file final31.cif (mmCIF, N, CA, C and O atoms and all ligand atoms)
data_query
#
loop_
_atom_site.label_atom_id
_atom_site.label_comp_id
_atom_site.auth_asym_id
_atom_site.auth_seq_id
_atom_site.Cartn_x
_atom_site.Cartn_y
_atom_site.Cartn_z
N MET L 200 36.26 126.17 18.31
CA MET L 200 34.84 126.44 18.42
C MET L 200 34.12 125.30 19.13
O MET L 200 32.97 125.03 18.89
N GLU L 201 34.83 124.57 20.00
CA GLU L 201 34.17 123.50 20.74
C GLU L 201 33.28 124.08 21.82
O GLU L 201 33.58 125.11 22.39
N GLN L 202 32.22 123.41 22.11
CA GLN L 202 31.34 123.79 23.20
C GLN L 202 30.90 122.52 23.90
O GLN L 202 30.98 121.44 23.36
N LYS L 203 30.42 122.66 25.12
CA LYS L 203 30.06 121.49 25.90
C LYS L 203 28.56 121.27 25.94
O LYS L 203 28.02 120.83 26.94
N LYS L 204 27.90 121.60 24.86
CA LYS L 204 26.50 121.26 24.72
C LYS L 204 26.26 121.05 23.23
O LYS L 204 27.01 121.56 22.39
N PRO L 205 25.22 120.29 22.88
CA PRO L 205 25.01 119.99 21.47
C PRO L 205 24.50 121.19 20.69
O PRO L 205 23.96 122.14 21.25
N TYR L 206 24.68 121.11 19.39
CA TYR L 206 24.08 122.08 18.48
C TYR L 206 22.67 121.57 18.17
O TYR L 206 22.52 120.46 17.65
N ILE L 207 21.67 122.34 18.51
CA ILE L 207 20.28 121.96 18.23
C ILE L 207 19.87 122.65 16.93
O ILE L 207 19.88 123.88 16.84
N ILE L 208 19.55 121.84 15.95
CA ILE L 208 19.29 122.37 14.60
C ILE L 208 18.04 121.72 14.03
O ILE L 208 17.86 120.51 14.14
N THR L 209 17.19 122.52 13.41
CA THR L 209 16.09 121.97 12.63
C THR L 209 16.59 121.81 11.20
O THR L 209 16.84 122.79 10.51
N GLU L 210 16.80 120.55 10.83
CA GLU L 210 17.37 120.25 9.52
C GLU L 210 16.28 119.98 8.49
O GLU L 210 15.27 119.37 8.80
N LYS L 211 16.55 120.41 7.29
CA LYS L 211 15.69 120.07 6.16
C LYS L 211 16.25 118.80 5.53
O LYS L 211 17.42 118.44 5.74
N PRO L 212 15.45 118.07 4.75
CA PRO L 212 15.94 116.84 4.12
C PRO L 212 17.15 117.11 3.23
O PRO L 212 17.26 118.18 2.63
N GLY L 213 18.03 116.11 3.21
CA GLY L 213 19.21 116.22 2.35
C GLY L 213 20.41 115.57 3.01
O GLY L 213 20.32 115.04 4.12
N THR L 214 21.54 115.61 2.31
CA THR L 214 22.78 115.04 2.83
C THR L 214 23.51 116.10 3.63
O THR L 214 23.74 117.20 3.14
N LYS L 215 23.86 115.76 4.86
CA LYS L 215 24.56 116.69 5.75
C LYS L 215 25.95 116.13 6.06
O LYS L 215 26.12 114.92 6.21
N TYR L 216 26.90 117.03 6.17
CA TYR L 216 28.27 116.64 6.54
C TYR L 216 28.62 117.38 7.82
O TYR L 216 28.86 118.59 7.79
N TYR L 217 28.65 116.64 8.92
CA TYR L 217 28.94 117.26 10.21
C TYR L 217 30.43 117.12 10.51
O TYR L 217 31.02 116.05 10.33
N CYS L 218 31.01 118.18 11.01
CA CYS L 218 32.44 118.22 11.29
C CYS L 218 32.82 117.21 12.38
O CYS L 218 32.17 117.14 13.43
N ALA L 219 33.87 116.45 12.11
CA ALA L 219 34.38 115.48 13.08
C ALA L 219 35.74 115.90 13.63
O ALA L 219 36.26 115.27 14.54
N CYS L 220 36.33 116.95 13.07
CA CYS L 220 37.69 117.32 13.47
C CYS L 220 37.72 118.53 14.42
O CYS L 220 38.76 118.83 14.98
N THR L 221 36.60 119.20 14.56
CA THR L 221 36.43 120.41 15.40
C THR L 221 37.19 121.61 14.88
O THR L 221 37.33 122.60 15.59
N ARG L 222 37.70 121.57 13.65
CA ARG L 222 38.43 122.71 13.09
C ARG L 222 37.55 123.63 12.26
O ARG L 222 38.00 124.70 11.85
N SER L 223 36.35 123.18 11.95
CA SER L 223 35.48 123.97 11.07
C SER L 223 35.17 125.33 11.67
O SER L 223 34.99 125.47 12.89
N GLN L 224 35.09 126.33 10.80
CA GLN L 224 34.66 127.66 11.23
C GLN L 224 33.16 127.80 11.06
O GLN L 224 32.61 128.89 11.26
N ASN L 225 32.50 126.72 10.66
CA ASN L 225 31.06 126.73 10.42
C ASN L 225 30.42 125.57 11.16
O ASN L 225 29.63 124.82 10.61
N MET L 226 30.78 125.40 12.43
CA MET L 226 30.26 124.28 13.22
C MET L 226 28.74 124.33 13.27
O MET L 226 28.17 125.41 13.34
N PRO L 227 28.07 123.18 13.26
CA PRO L 227 28.65 121.84 13.30
C PRO L 227 28.95 121.25 11.94
O PRO L 227 29.20 120.06 11.83
N TYR L 228 28.93 122.06 10.90
CA TYR L 228 29.13 121.53 9.55
C TYR L 228 30.59 121.55 9.15
O TYR L 228 31.35 122.43 9.55
N CYS L 229 30.96 120.60 8.32
CA CYS L 229 32.30 120.54 7.74
C CYS L 229 32.50 121.71 6.79
O CYS L 229 31.61 122.02 5.99
N ASP L 230 33.64 122.35 6.87
CA ASP L 230 33.98 123.41 5.91
C ASP L 230 35.27 123.09 5.17
O ASP L 230 35.83 123.95 4.50
N GLY L 231 35.72 121.83 5.28
CA GLY L 231 36.91 121.40 4.56
C GLY L 231 38.19 121.56 5.35
O GLY L 231 39.26 121.17 4.88
N ALA L 232 38.11 122.12 6.55
CA ALA L 232 39.30 122.37 7.36
C ALA L 232 39.99 121.08 7.83
O ALA L 232 41.11 121.13 8.31
N HIS L 233 39.32 119.94 7.67
CA HIS L 233 39.91 118.67 8.12
C HIS L 233 41.01 118.19 7.19
O HIS L 233 41.75 117.28 7.54
N LYS L 234 41.11 118.75 6.01
CA LYS L 234 42.06 118.25 5.01
C LYS L 234 43.47 118.15 5.60
O LYS L 234 43.97 119.08 6.21
N GLY L 235 44.06 116.97 5.44
CA GLY L 235 45.40 116.73 5.94
C GLY L 235 45.43 116.18 7.35
O GLY L 235 46.48 115.78 7.85
N SER L 236 44.26 116.12 8.02
CA SER L 236 44.22 115.65 9.40
C SER L 236 43.98 114.15 9.49
O SER L 236 44.15 113.56 10.55
N GLY L 237 43.56 113.54 8.39
CA GLY L 237 43.22 112.12 8.42
C GLY L 237 41.80 111.88 8.88
O GLY L 237 41.33 110.74 8.89
N LEU L 238 41.10 112.93 9.28
CA LEU L 238 39.70 112.81 9.71
C LEU L 238 38.78 113.20 8.56
O LEU L 238 39.19 113.91 7.65
N HIS L 239 37.55 112.74 8.67
CA HIS L 239 36.55 113.02 7.64
C HIS L 239 35.24 113.38 8.32
O HIS L 239 34.97 112.91 9.42
N PRO L 240 34.40 114.17 7.65
CA PRO L 240 33.13 114.54 8.28
C PRO L 240 32.20 113.34 8.41
O PRO L 240 32.34 112.34 7.70
N ASP L 241 31.22 113.46 9.30
CA ASP L 241 30.18 112.45 9.46
C ASP L 241 29.06 112.77 8.48
O ASP L 241 28.42 113.82 8.58
N LYS L 242 28.84 111.87 7.54
CA LYS L 242 27.81 112.06 6.51
C LYS L 242 26.50 111.49 7.02
O LYS L 242 26.46 110.33 7.45
N VAL L 243 25.45 112.28 6.97
CA VAL L 243 24.13 111.84 7.45
C VAL L 243 23.08 112.21 6.42
O VAL L 243 23.07 113.34 5.91
N GLU L 244 22.22 111.26 6.11
CA GLU L 244 21.08 111.52 5.24
C GLU L 244 19.88 111.88 6.11
O GLU L 244 19.46 111.07 6.94
N ILE L 245 19.38 113.08 5.94
CA ILE L 245 18.18 113.50 6.66
C ILE L 245 17.00 113.27 5.71
O ILE L 245 16.95 113.86 4.63
N GLU L 246 16.09 112.39 6.13
CA GLU L 246 14.99 112.00 5.25
C GLU L 246 13.82 112.99 5.29
O GLU L 246 13.12 113.16 4.30
N GLU L 247 13.60 113.58 6.44
CA GLU L 247 12.48 114.51 6.58
C GLU L 247 12.87 115.60 7.56
O GLU L 247 13.79 115.40 8.37
N GLU L 248 12.23 116.74 7.47
CA GLU L 248 12.59 117.83 8.37
C GLU L 248 12.43 117.39 9.82
O GLU L 248 11.40 116.83 10.19
N LYS L 249 13.46 117.62 10.60
CA LYS L 249 13.42 117.25 12.02
C LYS L 249 14.49 118.02 12.78
O LYS L 249 15.45 118.52 12.19
N THR L 250 14.30 118.08 14.08
CA THR L 250 15.27 118.73 14.94
C THR L 250 16.27 117.68 15.41
O THR L 250 15.88 116.60 15.87
N VAL L 251 17.56 118.00 15.28
CA VAL L 251 18.62 117.08 15.69
C VAL L 251 19.52 117.78 16.70
O VAL L 251 19.63 119.01 16.72
N ALA L 252 20.17 116.98 17.54
CA ALA L 252 21.16 117.48 18.50
C ALA L 252 22.50 116.90 18.08
O ALA L 252 22.73 115.69 18.18
N ILE L 253 23.37 117.76 17.56
CA ILE L 253 24.67 117.32 17.05
C ILE L 253 25.72 117.50 18.13
O ILE L 253 25.90 118.60 18.68
N CYS L 254 26.43 116.42 18.42
CA CYS L 254 27.45 116.42 19.47
C CYS L 254 28.56 117.43 19.16
O CYS L 254 29.05 117.49 18.03
N SER L 255 28.96 118.19 20.14
CA SER L 255 30.08 119.13 19.96
C SER L 255 31.29 118.72 20.78
O SER L 255 32.39 119.22 20.55
N CYS L 256 31.12 117.80 21.73
CA CYS L 256 32.25 117.43 22.60
C CYS L 256 32.98 116.20 22.07
O CYS L 256 34.04 115.87 22.57
N ARG L 257 32.40 115.51 21.08
CA ARG L 257 32.97 114.31 20.45
C ARG L 257 33.10 113.16 21.43
O ARG L 257 33.87 112.24 21.20
N SER L 258 32.35 113.17 22.51
CA SER L 258 32.38 112.08 23.49
C SER L 258 31.17 111.17 23.35
O SER L 258 31.08 110.15 24.04
N SER L 259 30.24 111.52 22.48
CA SER L 259 29.04 110.72 22.31
C SER L 259 29.39 109.33 21.77
O SER L 259 30.30 109.18 20.95
N ALA L 260 28.63 108.32 22.19
CA ALA L 260 28.79 106.97 21.64
C ALA L 260 27.92 106.80 20.40
O ALA L 260 27.89 105.73 19.81
N ASN L 261 27.22 107.86 20.02
CA ASN L 261 26.30 107.82 18.88
C ASN L 261 26.58 108.98 17.93
O ASN L 261 25.68 109.64 17.46
N LEU L 262 27.86 109.22 17.66
CA LEU L 262 28.24 110.34 16.78
C LEU L 262 27.61 110.22 15.40
O LEU L 262 27.49 109.12 14.90
N PRO L 263 27.19 111.32 14.79
CA PRO L 263 27.42 112.70 15.22
C PRO L 263 26.36 113.24 16.18
O PRO L 263 26.37 114.43 16.47
N PHE L 264 25.49 112.37 16.65
CA PHE L 264 24.40 112.85 17.50
C PHE L 264 24.78 112.86 18.98
O PHE L 264 25.57 112.01 19.44
N CYS L 265 24.22 113.78 19.71
CA CYS L 265 24.45 113.89 21.15
C CYS L 265 23.78 112.73 21.88
O CYS L 265 22.64 112.36 21.55
N ASP L 266 24.47 112.14 22.84
CA ASP L 266 23.86 111.13 23.70
C ASP L 266 23.89 111.55 25.16
O ASP L 266 23.66 110.73 26.05
N GLY L 267 24.22 112.81 25.42
CA GLY L 267 24.24 113.31 26.79
C GLY L 267 25.59 113.17 27.47
O GLY L 267 25.75 113.55 28.61
N ALA L 268 26.59 112.62 26.76
CA ALA L 268 27.91 112.38 27.36
C ALA L 268 28.57 113.68 27.85
O ALA L 268 29.38 113.64 28.78
N HIS L 269 28.22 114.81 27.25
CA HIS L 269 28.84 116.09 27.66
C HIS L 269 28.55 116.41 29.12
O HIS L 269 29.31 117.13 29.75
N LYS L 270 27.48 115.83 29.66
CA LYS L 270 27.13 116.09 31.05
C LYS L 270 28.12 115.46 32.03
O LYS L 270 28.17 115.84 33.19
N THR L 271 28.92 114.51 31.53
CA THR L 271 29.89 113.84 32.40
C THR L 271 31.27 114.49 32.29
O THR L 271 32.18 114.10 33.00
N LEU L 272 31.43 115.46 31.37
CA LEU L 272 32.73 116.12 31.19
C LEU L 272 32.93 117.18 32.27
O LEU L 272 31.99 117.79 32.74
N GLN L 273 34.20 117.39 32.60
CA GLN L 273 34.50 118.42 33.60
C GLN L 273 34.86 119.72 32.92
O GLN L 273 35.36 119.76 31.86
S1 LIG G 1 36.11 120.56 8.80
FE1 LIG G 1 36.00 119.13 10.41
S2 LIG G 1 35.51 117.26 9.44
FE2 LIG G 1 35.63 118.69 7.84
#

call {"tool": "encode", "arguments": {"input": "final31.cif", "output": "structure tokens"}}
result
Amino acid sequence: MEQKKPYIITEKPGTKYYCACTRSQNMPYCDGAHKGSGLHPDKVEIEEEKTVAICSCRSSANLPFCDGAHKTLQ
């Protein structure tokens, strides 16, 4: 379920777990599919409702957030 553009989401406050292994069937959120891979989700505390851009290409230098790195991928 990888894509070459970020997931744009309006998040409500709370603890979010964004998938880091790209195996989730509920991207960009962790669904537990990482078990056994040695990878773990990116835990983020959202303090107030806001729109976020979650990286889907895993090339961002600011994971789990998009930094525009997908634009350099072929
Ligand atoms: S399913 Fe990918 S990090 Fe949990």

call {"tool": "closest_residue", "arguments": {"input": "final31.cif", "among": "L:Lys211, L:Arg222, L:His269, L:Lys203", "to": "L:Glu247", "atoms": "only C-alpha atoms"}}
result
L:Lys211

call {"tool": "residues_around", "arguments": {"input": "final31.cif", "residues": "L:Met226", "least_positions_apart": "6", "cutoff": "8 Å", "atoms": "only N, CA, C and O atoms", "output": "list in words"}}
result
Met200, Tyr206, Tyr216, Tyr217 and Cys218 of chain L

call {"tool": "select_by_dssp", "arguments": {"input": "final31.cif", "residues": "chain L", "states": "helix (DSSP H, G or I)", "output": "list in words"}}
result
Ala268, His269, Lys270 and Thr271 of chain L

call {"tool": "residues_around", "arguments": {"input": "final31.cif", "residues": "L:Lys270", "least_positions_apart": "4", "cutoff": "12 Å", "atoms": "only C-alpha atoms", "output": "list in words"}}
result
Gln202, Lys203, Lys204, Pro205, Cys254, Ser255, Cys256, Ser258, Ser259, Cys265 and Asp266 of chain L

call {"tool": "write_last_selection", "arguments": {"input": "final31.cif", "atoms": "N, CA, C and O atoms", "output": "PDB file, in the coordinates of the input"}}
result
ATOM      1  N   GLN L 202      32.220 123.410  22.110  1.00  0.00           N
ATOM      2  CA  GLN L 202      31.340 123.790  23.200  1.00  0.00           C
ATOM      3  C   GLN L 202      30.900 122.520  23.900  1.00  0.00           C
ATOM      4  O   GLN L 202      30.980 121.440  23.360  1.00  0.00           O
ATOM      5  N   LYS L 203      30.420 122.660  25.120  1.00  0.00           N
ATOM      6  CA  LYS L 203      30.060 121.490  25.900  1.00  0.00           C
ATOM      7  C   LYS L 203      28.560 121.270  25.940  1.00  0.00           C
ATOM      8  O   LYS L 203      28.020 120.830  26.940  1.00  0.00           O
ATOM      9  N   LYS L 204      27.900 121.600  24.860  1.00  0.00           N
ATOM     10  CA  LYS L 204      26.500 121.260  24.720  1.00  0.00           C
ATOM     11  C   LYS L 204      26.260 121.050  23.230  1.00  0.00           C
ATOM     12  O   LYS L 204      27.010 121.560  22.390  1.00  0.00           O
ATOM     13  N   PRO L 205      25.220 120.290  22.880  1.00  0.00           N
ATOM     14  CA  PRO L 205      25.010 119.990  21.470  1.00  0.00           C
ATOM     15  C   PRO L 205      24.500 121.190  20.690  1.00  0.00           C
ATOM     16  O   PRO L 205      23.960 122.140  21.250  1.00  0.00           O
ATOM     17  N   CYS L 254      26.430 116.420  18.420  1.00  0.00           N
ATOM     18  CA  CYS L 254      27.450 116.420  19.470  1.00  0.00           C
ATOM     19  C   CYS L 254      28.560 117.430  19.160  1.00  0.00           C
ATOM     20  O   CYS L 254      29.050 117.490  18.030  1.00  0.00           O
ATOM     21  N   SER L 255      28.960 118.190  20.140  1.00  0.00           N
ATOM     22  CA  SER L 255      30.080 119.130  19.960  1.00  0.00           C
ATOM     23  C   SER L 255      31.290 118.720  20.780  1.00  0.00           C
ATOM     24  O   SER L 255      32.390 119.220  20.550  1.00  0.00           O
ATOM     25  N   CYS L 256      31.120 117.800  21.730  1.00  0.00           N
ATOM     26  CA  CYS L 256      32.250 117.430  22.600  1.00  0.00           C
ATOM     27  C   CYS L 256      32.980 116.200  22.070  1.00  0.00           C
ATOM     28  O   CYS L 256      34.040 115.870  22.570  1.00  0.00           O
ATOM     29  N   SER L 258      32.350 113.170  22.510  1.00  0.00           N
ATOM     30  CA  SER L 258      32.380 112.080  23.490  1.00  0.00           C
ATOM     31  C   SER L 258      31.170 111.170  23.350  1.00  0.00           C
ATOM     32  O   SER L 258      31.080 110.150  24.040  1.00  0.00           O
ATOM     33  N   SER L 259      30.240 111.520  22.480  1.00  0.00           N
ATOM     34  CA  SER L 259      29.040 110.720  22.310  1.00  0.00           C
ATOM     35  C   SER L 259      29.390 109.330  21.770  1.00  0.00           C
ATOM     36  O   SER L 259      30.300 109.180  20.950  1.00  0.00           O
ATOM     37  N   CYS L 265      24.220 113.780  19.710  1.00  0.00           N
ATOM     38  CA  CYS L 265      24.450 113.890  21.150  1.00  0.00           C
ATOM     39  C   CYS L 265      23.780 112.730  21.880  1.00  0.00           C
ATOM     40  O   CYS L 265      22.640 112.360  21.550  1.00  0.00           O
ATOM     41  N   ASP L 266      24.470 112.140  22.840  1.00  0.00           N
ATOM     42  CA  ASP L 266      23.860 111.130  23.700  1.00  0.00           C
ATOM     43  C   ASP L 266      23.890 111.550  25.160  1.00  0.00           C
ATOM     44  O   ASP L 266      23.660 110.730  26.050  1.00  0.00           O
TER      45      ASP L 266
END

call {"tool": "residues_near_point", "arguments": {"input": "final31.cif", "point": "(17.3, 119.2, 6.2)", "cutoff": "7 Å", "atoms": "all atoms listed in the file", "output": "PyMOL selection string"}}
result
chain L and resi 209-214+245-249

call {"tool": "closest_atom_pairs", "arguments": {"input": "final31.cif", "of": "chain L", "to": "ligand LIG 1 (chain G)", "cutoff": "5 Å", "atoms": "all atoms listed in the file", "output": "JSON lines"}}
result
{"residue": "L:Tyr217", "atom": "O", "partner": "G:LIG1", "partner_atom": "S2", "distance": 4.7}
{"residue": "L:Cys218", "atom": "CA", "partner": "G:LIG1", "partner_atom": "S2", "distance": 3.7}
{"residue": "L:Ala219", "atom": "N", "partner": "G:LIG1", "partner_atom": "S2", "distance": 3.2}
{"residue": "L:Cys220", "atom": "N", "partner": "G:LIG1", "partner_atom": "FE1", "distance": 3.5}
{"residue": "L:Thr221", "atom": "N", "partner": "G:LIG1", "partner_atom": "FE1", "distance": 4.2}
{"residue": "L:Arg222", "atom": "N", "partner": "G:LIG1", "partner_atom": "FE1", "distance": 4.4}
{"residue": "L:Ser223", "atom": "N", "partner": "G:LIG1", "partner_atom": "S1", "distance": 4.1}
{"residue": "L:Cys229", "atom": "CA", "partner": "G:LIG1", "partner_atom": "FE2", "distance": 3.8}
{"residue": "L:Asp230", "atom": "N", "partner": "G:LIG1", "partner_atom": "S1", "distance": 3.6}
{"residue": "L:Gly231", "atom": "N", "partner": "G:LIG1", "partner_atom": "S1", "distance": 3.8}
{"residue": "L:Ala232", "atom": "N", "partner": "G:LIG1", "partner_atom": "S1", "distance": 3.4}
{"residue": "L:His233", "atom": "N", "partner": "G:LIG1", "partner_atom": "S1", "distance": 3.5}
{"residue": "L:His239", "atom": "C", "partner": "G:LIG1", "partner_atom": "S2", "distance": 4.0}
{"residue": "L:Pro240", "atom": "N", "partner": "G:LIG1", "partner_atom": "S2", "distance": 3.7}

call {"tool": "select_by_dssp", "arguments": {"input": "final31.cif", "residues": "chain L", "states": "strand (DSSP E)", "output": "VMD selection string"}}
result
chain L and resid 206 to 210 213 to 217 241 to 245 249 to 253

call {"tool": "atom_distance", "arguments": {"input": "final31.cif", "atom1": "atom C of L:Ile208", "atom2": "atom N of L:Leu272"}}
result
22.8 Å

call {"tool": "atom_distance", "arguments": {"input": "final31.cif", "atom1": "atom O of L:Val251", "atom2": "atom C of L:Gly235"}}
result
27.6 Å

call {"tool": "build_atoms", "arguments": {"input": "final31.cif", "residues": "stretch 206-217 of chain L", "atoms": "all heavy atoms", "output": "mmCIF file, in the coordinates of the input"}}
result
data_model
loop_
_atom_site.group_PDB
_atom_site.id
_atom_site.type_symbol
_atom_site.label_atom_id
_atom_site.label_comp_id
_atom_site.auth_asym_id
_atom_site.auth_seq_id
_atom_site.Cartn_x
_atom_site.Cartn_y
_atom_site.Cartn_z
ATOM 1 N N TYR L 206 24.680 121.110 19.390
ATOM 2 C CA TYR L 206 24.080 122.080 18.480
ATOM 3 C C TYR L 206 22.670 121.570 18.170
ATOM 4 O O TYR L 206 22.520 120.460 17.650
ATOM 5 C CB TYR L 206 24.879 122.171 17.180
ATOM 6 C CG TYR L 206 26.288 122.675 17.370
ATOM 7 C CD1 TYR L 206 27.352 121.790 17.485
ATOM 8 C CD2 TYR L 206 26.546 124.033 17.424
ATOM 9 C CE1 TYR L 206 28.650 122.250 17.656
ATOM 10 C CE2 TYR L 206 27.844 124.505 17.597
ATOM 11 C CZ TYR L 206 28.881 123.609 17.713
ATOM 12 O OH TYR L 206 30.162 124.069 17.880
ATOM 13 N N ILE L 207 21.670 122.340 18.510
ATOM 14 C CA ILE L 207 20.280 121.960 18.230
ATOM 15 C C ILE L 207 19.870 122.650 16.930
ATOM 16 O O ILE L 207 19.880 123.880 16.840
ATOM 17 C CB ILE L 207 19.345 122.401 19.374
ATOM 18 C CG1 ILE L 207 19.873 121.902 20.732
ATOM 19 C CG2 ILE L 207 17.923 121.921 19.106
ATOM 20 C CD1 ILE L 207 19.934 120.395 20.870
ATOM 21 N N ILE L 208 19.550 121.840 15.950
ATOM 22 C CA ILE L 208 19.290 122.370 14.600
ATOM 23 C C ILE L 208 18.040 121.720 14.030
ATOM 24 O O ILE L 208 17.860 120.510 14.140
ATOM 25 C CB ILE L 208 20.453 122.041 13.656
ATOM 26 C CG1 ILE L 208 21.771 122.554 14.221
ATOM 27 C CG2 ILE L 208 20.207 122.617 12.263
ATOM 28 C CD1 ILE L 208 22.970 121.952 13.530
ATOM 29 N N THR L 209 17.190 122.520 13.410
ATOM 30 C CA THR L 209 16.090 121.970 12.630
ATOM 31 C C THR L 209 16.590 121.810 11.200
ATOM 32 O O THR L 209 16.840 122.790 10.510
ATOM 33 C CB THR L 209 14.859 122.883 12.678
ATOM 34 O OG1 THR L 209 14.453 123.023 14.040
ATOM 35 C CG2 THR L 209 13.708 122.291 11.870
ATOM 36 N N GLU L 210 16.800 120.550 10.830
ATOM 37 C CA GLU L 210 17.370 120.250 9.520
ATOM 38 C C GLU L 210 16.280 119.980 8.490
ATOM 39 O O GLU L 210 15.270 119.370 8.800
ATOM 40 C CB GLU L 210 18.273 119.007 9.587
ATOM 41 C CG GLU L 210 19.546 119.194 10.374
ATOM 42 C CD GLU L 210 20.598 119.997 9.620
ATOM 43 O OE1 GLU L 210 20.249 120.802 8.738
ATOM 44 O OE2 GLU L 210 21.779 119.817 9.948
ATOM 45 N N LYS L 211 16.550 120.410 7.290
ATOM 46 C CA LYS L 211 15.690 120.070 6.160
ATOM 47 C C LYS L 211 16.250 118.800 5.530
ATOM 48 O O LYS L 211 17.420 118.440 5.740
ATOM 49 C CB LYS L 211 15.700 121.212 5.139
ATOM 50 C CG LYS L 211 15.239 122.544 5.715
ATOM 51 C CD LYS L 211 14.160 123.122 4.856
ATOM 52 C CE LYS L 211 13.732 124.501 5.332
ATOM 53 N NZ LYS L 211 12.744 124.414 6.385
ATOM 54 N N PRO L 212 15.450 118.070 4.750
ATOM 55 C CA PRO L 212 15.940 116.840 4.120
ATOM 56 C C PRO L 212 17.150 117.110 3.230
ATOM 57 O O PRO L 212 17.260 118.180 2.630
ATOM 58 C CB PRO L 212 14.735 116.390 3.282
ATOM 59 C CG PRO L 212 13.548 117.001 3.946
ATOM 60 C CD PRO L 212 14.033 118.326 4.472
ATOM 61 N N GLY L 213 18.030 116.110 3.210
ATOM 62 C CA GLY L 213 19.210 116.220 2.350
ATOM 63 C C GLY L 213 20.410 115.570 3.010
ATOM 64 O O GLY L 213 20.320 115.040 4.120
ATOM 65 N N THR L 214 21.540 115.610 2.310
ATOM 66 C CA THR L 214 22.780 115.040 2.830
ATOM 67 C C THR L 214 23.510 116.100 3.630
ATOM 68 O O THR L 214 23.740 117.200 3.140
ATOM 69 C CB THR L 214 23.664 114.565 1.665
ATOM 70 O OG1 THR L 214 22.920 113.662 0.862
ATOM 71 C CG2 THR L 214 24.914 113.880 2.196
ATOM 72 N N LYS L 215 23.860 115.760 4.860
ATOM 73 C CA LYS L 215 24.560 116.690 5.750
ATOM 74 C C LYS L 215 25.950 116.130 6.060
ATOM 75 O O LYS L 215 26.120 114.920 6.210
ATOM 76 C CB LYS L 215 23.797 116.886 7.061
ATOM 77 C CG LYS L 215 22.305 117.149 6.897
ATOM 78 C CD LYS L 215 22.029 118.429 6.155
ATOM 79 C CE LYS L 215 20.528 118.577 5.922
ATOM 80 N NZ LYS L 215 20.185 119.770 5.164
ATOM 81 N N TYR L 216 26.900 117.030 6.170
ATOM 82 C CA TYR L 216 28.270 116.640 6.540
ATOM 83 C C TYR L 216 28.620 117.380 7.820
ATOM 84 O O TYR L 216 28.860 118.590 7.790
ATOM 85 C CB TYR L 216 29.238 116.990 5.416
ATOM 86 C CG TYR L 216 29.001 116.184 4.159
ATOM 87 C CD1 TYR L 216 28.130 116.642 3.176
ATOM 88 C CD2 TYR L 216 29.620 114.951 3.965
ATOM 89 C CE1 TYR L 216 27.893 115.901 2.021
ATOM 90 C CE2 TYR L 216 29.393 114.209 2.823
ATOM 91 C CZ TYR L 216 28.528 114.688 1.859
ATOM 92 O OH TYR L 216 28.298 113.940 0.723
ATOM 93 N N TYR L 217 28.650 116.640 8.920
ATOM 94 C CA TYR L 217 28.940 117.260 10.210
ATOM 95 C C TYR L 217 30.430 117.120 10.510
ATOM 96 O O TYR L 217 31.020 116.050 10.330
ATOM 97 C CB TYR L 217 28.111 116.603 11.315
ATOM 98 C CG TYR L 217 26.635 116.808 11.118
ATOM 99 C CD1 TYR L 217 25.803 115.756 10.786
ATOM 100 C CD2 TYR L 217 26.073 118.078 11.249
ATOM 101 C CE1 TYR L 217 24.437 115.948 10.596
ATOM 102 C CE2 TYR L 217 24.714 118.284 11.052
ATOM 103 C CZ TYR L 217 23.906 117.215 10.720
ATOM 104 O OH TYR L 217 22.559 117.414 10.516
#
